[in-house]
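Novice: Please see the structure below; I have some questions.
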Amino acid sequence: MALTEQEILAGLGKIVNEITGIPAAEVTPEKSFVDDLDIDSLSMVEIAVAAQDEFGVEIPDDQLKHLKTVKDVISFIQS
Amino acid sequence: MSKDRVRVVVTGLGATTPLGGDVASTWSALLEGRSGIRPLTEDWVDSVPVKFAGVAAVDPAEVLPRPEARRLDRSEQFALIAARQAWQDAGAPEVPAERLGVCVSSGIGGIGTTLSAYDTFKERGWQRLSPFTVPMLMPNGPAAWVGLELGARAGVHATVSACASGAEAIGYALDMIRAGRADVVVAGGTEAAIHPLNVAAFAAARAMSTRNDEPERASRPWDRGRDGFVLGEGAGLIVLESYEHAVARGARIYAEVAGLGLSADSHHITQPEPEGRGLITAMTQALTDAGLTGRDILHVNAHATSTPAGDVIEVQAVEKSFGSHVLVTSTKSMTGHLLGGAGGIESVFTIKTLAERLIPPTINVDDLDDGIGVEIVCDKPRDLPEGQIAAVNNSFGFGGHNVAVAFTTV
């Protein structure tokens with residue numbers, strides 16, 4: 001059964017917190033990883049790897065660079 | 001001492017060891033003669049003949065924030081913790097980035113990362129590797145992270161010479177300040193090698209104690225019943241500073257780094273040279289470099305690792321270099337052998353010994369071996385006299401690397 005947006009958001013919040021120390025509550029759909037959360041490109045790779053494990057979805061590098069916001073990642077996982 | 005040369009002093013100490021998570025707790029355990037060696041509880045002990053080690057008293061991953069810890073190999077975690085302690089202990093000196101250097105070494109680098117990353121790669125593919133795998137496994141990683149932490153731009157280095165690495169790092173730092181390339185250098189050694197492959201490989205070299213029924217009694221330098229070294233882990237770092245810089249900022253000075261001796265055996269890849277010629281070269285060089293005579297050296301913190309081959313050769317070389325009056329100890333009897341970290345923590349101990357005028361004892365010497373002409377400080381700490389005194393820390397490594405560093409009171 002597909003995960004809801006809320007479930008994915010909660011999982012992403014945990015991952016971002018684990019990797020960067022940013023509180024999970026700050027990980028909201030409209031936030032940009034780079035501009036709002038100040039997450040660098042290597043951390044994005046770590047987040048993508050962890051998200052693949054958590055949600056069972058491969059995120060290829062050429063797709064990852066287009067995922068700017070938290071909402072983009074949620075949509076990618078839902079699709 | 002030559003008057004025209006830059007004098008170098010120690011203004012900060014940091015350590016995390018099998019005896020404690022900082023210098024104070026480690027030092028009090030040393031004076032009590034407590035062993036930091038304990039049985040290993042991991043499943044893999046069944047596959048190796050050695051079932052104990054000097055595991056760090058405080059898990060570094062519990063000290064550092066999680067996002068920081070996960071990007072660091074355990075050897076880097078130890079180094080960063082010890083560097084922060086040493087820097088604070090030195091009063092966080094204000095120094096231009098271009099005048100601040102780092103020299104932090106490890107004998108084998110991020111081997112825990114190398115091995116676990118290879119498992120991940122084989123089982124789950126390259127995409128599952130952390131993007132920090134390379135900076136975690138590279139042997140200059142600990143130095144690089146300490147350099148980033150402090151903003152050091154005068155040069156960040158990682159000398160590698162197996163179990164002499166930490167002492168060589170301190171020697172290199174001394175040279176950096178003497179050569180005028182830096183005013184302050186954070187230097188020392190770190191190691192995190194308690195992994196089944198390392199234990200198996202050192203056991204294959206027949207270098208490790210297998211006293212599995214008495215782990216706390218296994219590290220017993222100079223005792224007739226010694227049967228090999230005991231693996232330990234952790235880090236020891238010091239802040240070296242030009243005397244002028246330290247005095248100008250009113251820093252507390254622990255000791256002077258007065259002399260350095262370096263040599264190579266060129267004899268055998270692992271066995272010590274039986275006459276100790278390379279050791280004598282290193283120790284007498286340190287003496288000459290410091291402008292001291294053998295009588296001035298009251299104490300040696302020995303390399304002595306509890307191996308049948310090395311311990312007695314070393315103290316015979318100490319006697320030939322300095323005389324029979326020297327009071328010798330091996331703190332490895334309590335910490336185990338930290339490999340590349342040894343020269344780091346043992347420099348910290350030698351400096352504390354001078355500053356406190358107290359020599360920590362060697363434990364487990366029940367039956368002193370033959371051929372030892374110096375006094376081994378056993379069981380209880382020994383007082384050192386007032387006045388100007390000097391001590392030497394020895395570190396030797398597989399490959400025939402010999403390092404002796406002479407410290408004096410200021």
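Just remember, in the structure tokens the first chain shown is A, the second B, etc., residues are 1-based per chain, and ligands are 1-based in the order shown.
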Using only C-alpha atoms, find which residues of chain B lie within 9 Å of chain A and jot them down as a list in words.
Specialist: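 Putting it all together, I get Pro65, Arg66, Pro67, Glu68, Arg70, Arg71, Gln127, Arg128, Leu129, Ser130, Pro131 and Phe132 of chain B.
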Novice: Name the residues in contact with Val70 (chain A) at a cut-off of 10 Å, using only C-alpha atoms, excluding same-chain residues fewer than 6 positions from it; report them as a list of chain:residue names.
Specialist: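 Here the qualifying residues turn out to be A:Ile8, A:Leu9, A:Leu12, A:Gly13, A:Val27, A:Thr28, A:Pro29, A:Glu30, A:Lys31, A:Ser32, A:Phe33, A:Leu37, A:Phe76.
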Novice: Deliver the residues from the most recent selection as a file, using N, CA and C atoms, as a PDB file, in the first residue's frame.
Specialist:
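This is the output file part_23.pdb:
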```
ATOM      1  N   ILE A   8       5.540   9.817   4.561  1.00  0.00           N
ATOM      2  CA  ILE A   8       6.829  10.053   3.901  1.00  0.00           C
ATOM      3  C   ILE A   8       7.527  11.254   4.550  1.00  0.00           C
ATOM      4  N   LEU A   9       6.749  12.302   4.813  1.00  0.00           N
ATOM      5  CA  LEU A   9       7.325  13.504   5.431  1.00  0.00           C
ATOM      6  C   LEU A   9       7.940  13.167   6.787  1.00  0.00           C
ATOM      7  N   LEU A  12      11.153  11.283   6.173  1.00  0.00           N
ATOM      8  CA  LEU A  12      12.209  12.183   5.686  1.00  0.00           C
ATOM      9  C   LEU A  12      12.745  13.058   6.811  1.00  0.00           C
ATOM     10  N   GLY A  13      11.826  13.525   7.660  1.00  0.00           N
ATOM     11  CA  GLY A  13      12.242  14.361   8.792  1.00  0.00           C
ATOM     12  C   GLY A  13      13.231  13.627   9.673  1.00  0.00           C
ATOM     13  N   VAL A  27      11.581  20.199   8.774  1.00  0.00           N
ATOM     14  CA  VAL A  27      11.535  19.604   7.439  1.00  0.00           C
ATOM     15  C   VAL A  27      10.078  19.592   6.975  1.00  0.00           C
ATOM     16  N   THR A  28       9.696  20.679   6.311  1.00  0.00           N
ATOM     17  CA  THR A  28       8.312  20.823   5.845  1.00  0.00           C
ATOM     18  C   THR A  28       8.305  20.874   4.319  1.00  0.00           C
ATOM     19  N   PRO A  29       7.165  20.534   3.688  1.00  0.00           N
ATOM     20  CA  PRO A  29       7.143  20.314   2.236  1.00  0.00           C
ATOM     21  C   PRO A  29       7.705  21.458   1.391  1.00  0.00           C
ATOM     22  N   GLU A  30       7.461  22.708   1.778  1.00  0.00           N
ATOM     23  CA  GLU A  30       7.854  23.821   0.899  1.00  0.00           C
ATOM     24  C   GLU A  30       9.347  24.148   0.996  1.00  0.00           C
ATOM     25  N   LYS A  31      10.063  23.554   1.969  1.00  0.00           N
ATOM     26  CA  LYS A  31      11.477  23.922   2.190  1.00  0.00           C
ATOM     27  C   LYS A  31      12.388  23.398   1.085  1.00  0.00           C
ATOM     28  N   SER A  32      13.323  24.248   0.677  1.00  0.00           N
ATOM     29  CA  SER A  32      14.380  23.835  -0.248  1.00  0.00           C
ATOM     30  C   SER A  32      15.536  23.263   0.568  1.00  0.00           C
ATOM     31  N   PHE A  33      16.057  22.120   0.135  1.00  0.00           N
ATOM     32  CA  PHE A  33      17.159  21.490   0.890  1.00  0.00           C
ATOM     33  C   PHE A  33      18.377  22.418   0.959  1.00  0.00           C
ATOM     34  N   LEU A  37      17.338  24.753   4.114  1.00  0.00           N
ATOM     35  CA  LEU A  37      17.859  23.870   5.168  1.00  0.00           C
ATOM     36  C   LEU A  37      19.394  23.842   5.187  1.00  0.00           C
ATOM     37  N   PHE A  76       8.390  12.334  -5.703  1.00  0.00           N
ATOM     38  CA  PHE A  76       9.175  11.322  -6.398  1.00  0.00           C
ATOM     39  C   PHE A  76       8.940   9.948  -5.778  1.00  0.00           C
TER      40      PHE A  76
END
```
Novice: Pick out the closest residue to Val239 (chain B) from this set: B:Trp44, B:Phe398, B:Phe349, B:Tyr254. Count only C-alpha atoms.
Specialist: B:Tyr254
Novice: Which one of B:Thr17, B:Asn394, B:Ser330, B:Gln88 sits closest to Asp223 (chain B) if you count only C-alpha atoms?
Specialist: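 Result for the nearest residue to Asp223 (chain B): B:Ser330.
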Novice: Mind pulling up the distance from CA of Gly294 (chain B) to CA of Thr307 (chain B)?
Specialist: 26.4 Å
Novice: Report, in Å to a single decimal, how far apart CA of Arg382 (chain B) and CA of Ala56 (chain B) are.
Specialist: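 According to the coordinates, CA of Ala56 (chain B) and CA of Arg382 (chain B) are separated by 26.2 Å.
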Novice: Choose the residue, out of B:Ala258, B:Val365, B:Leu354, B:Arg153, that has the smallest atom-to-atom separation from Gly387 (chain B); count only C-alpha atoms.
Specialist: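 For Gly387 (chain B), the nearest of the candidates is B:Leu354.
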Novice: DSSP on the backbone: what in region 141-335 of chain B comes out strand (DSSP E or B), as a short mmCIF file (atom, residue, chain, number, x, y, z; two decimals) with C-alpha atoms, in the first residue's frame?
Specialist:
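This is the output file part23.cif:
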```cif
data_model
loop_
_atom_site.label_atom_id
_atom_site.label_comp_id
_atom_site.auth_asym_id
_atom_site.auth_seq_id
_atom_site.Cartn_x
_atom_site.Cartn_y
_atom_site.Cartn_z
CA VAL B 156 48.14 19.91 8.19
CA HIS B 157 50.19 16.72 8.24
CA VAL B 184 51.15 26.87 17.42
CA VAL B 185 50.74 23.23 16.32
CA VAL B 186 48.26 20.64 17.59
CA ALA B 187 49.94 17.24 17.36
CA GLY B 188 49.71 13.64 18.47
CA GLY B 189 48.33 10.26 17.51
CA THR B 190 45.07 8.34 17.29
CA GLU B 191 44.08 4.75 16.60
CA MET B 208 49.81 -10.50 20.75
CA ASP B 223 57.92 -9.55 33.35
CA PHE B 229 51.23 -6.87 23.37
CA LEU B 231 45.72 -3.88 21.61
CA GLY B 232 44.32 -0.57 22.87
CA GLY B 234 42.12 6.10 21.70
CA ALA B 235 44.02 9.32 21.08
CA GLY B 236 46.43 11.70 22.77
CA LEU B 237 47.09 15.21 21.46
CA ILE B 238 49.14 18.14 22.71
CA VAL B 239 49.32 21.82 21.87
CA LEU B 240 52.89 22.85 21.03
CA GLU B 241 53.66 26.53 20.96
CA SER B 242 56.72 28.73 20.61
CA ALA B 255 56.86 21.50 29.82
CA GLU B 256 59.35 22.26 27.08
CA VAL B 257 59.75 20.00 24.04
CA ALA B 258 63.52 20.17 24.21
CA GLY B 259 64.86 17.57 21.82
CA LEU B 260 64.02 15.11 19.07
CA GLY B 261 65.80 11.97 17.92
CA LEU B 262 64.83 9.93 14.86
CA SER B 263 66.46 6.84 13.42
CA ALA B 264 65.76 3.65 11.50
CA ILE B 297 67.29 12.40 32.02
CA LEU B 298 65.60 11.12 35.18
CA HIS B 299 62.74 9.27 33.57
CA VAL B 300 61.81 7.38 30.40
CA ASN B 301 58.26 6.50 29.39
CA LEU B 327 63.53 5.49 36.33
CA VAL B 328 61.60 3.69 33.59
CA THR B 329 57.92 2.92 33.26
#
```
Novice: Region 193-199 of chain B: which residues within 10 Å, counting only C-alpha atoms, same-chain residues fewer than 6 positions away excluded, as a PyMOL selection string?
Specialist: chain B and resi 40+42-56+74-75+106-112+115+205+207-208+230-234+338-340
Novice: Tell me which of A:Lys71, A:Gln78, A:Glu26, A:Glu54 sits closest to Asp38 (chain A), counting only C-alpha atoms.
Specialist: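 Ranked by minimum distance to Asp38 (chain A), first place goes to A:Glu26.
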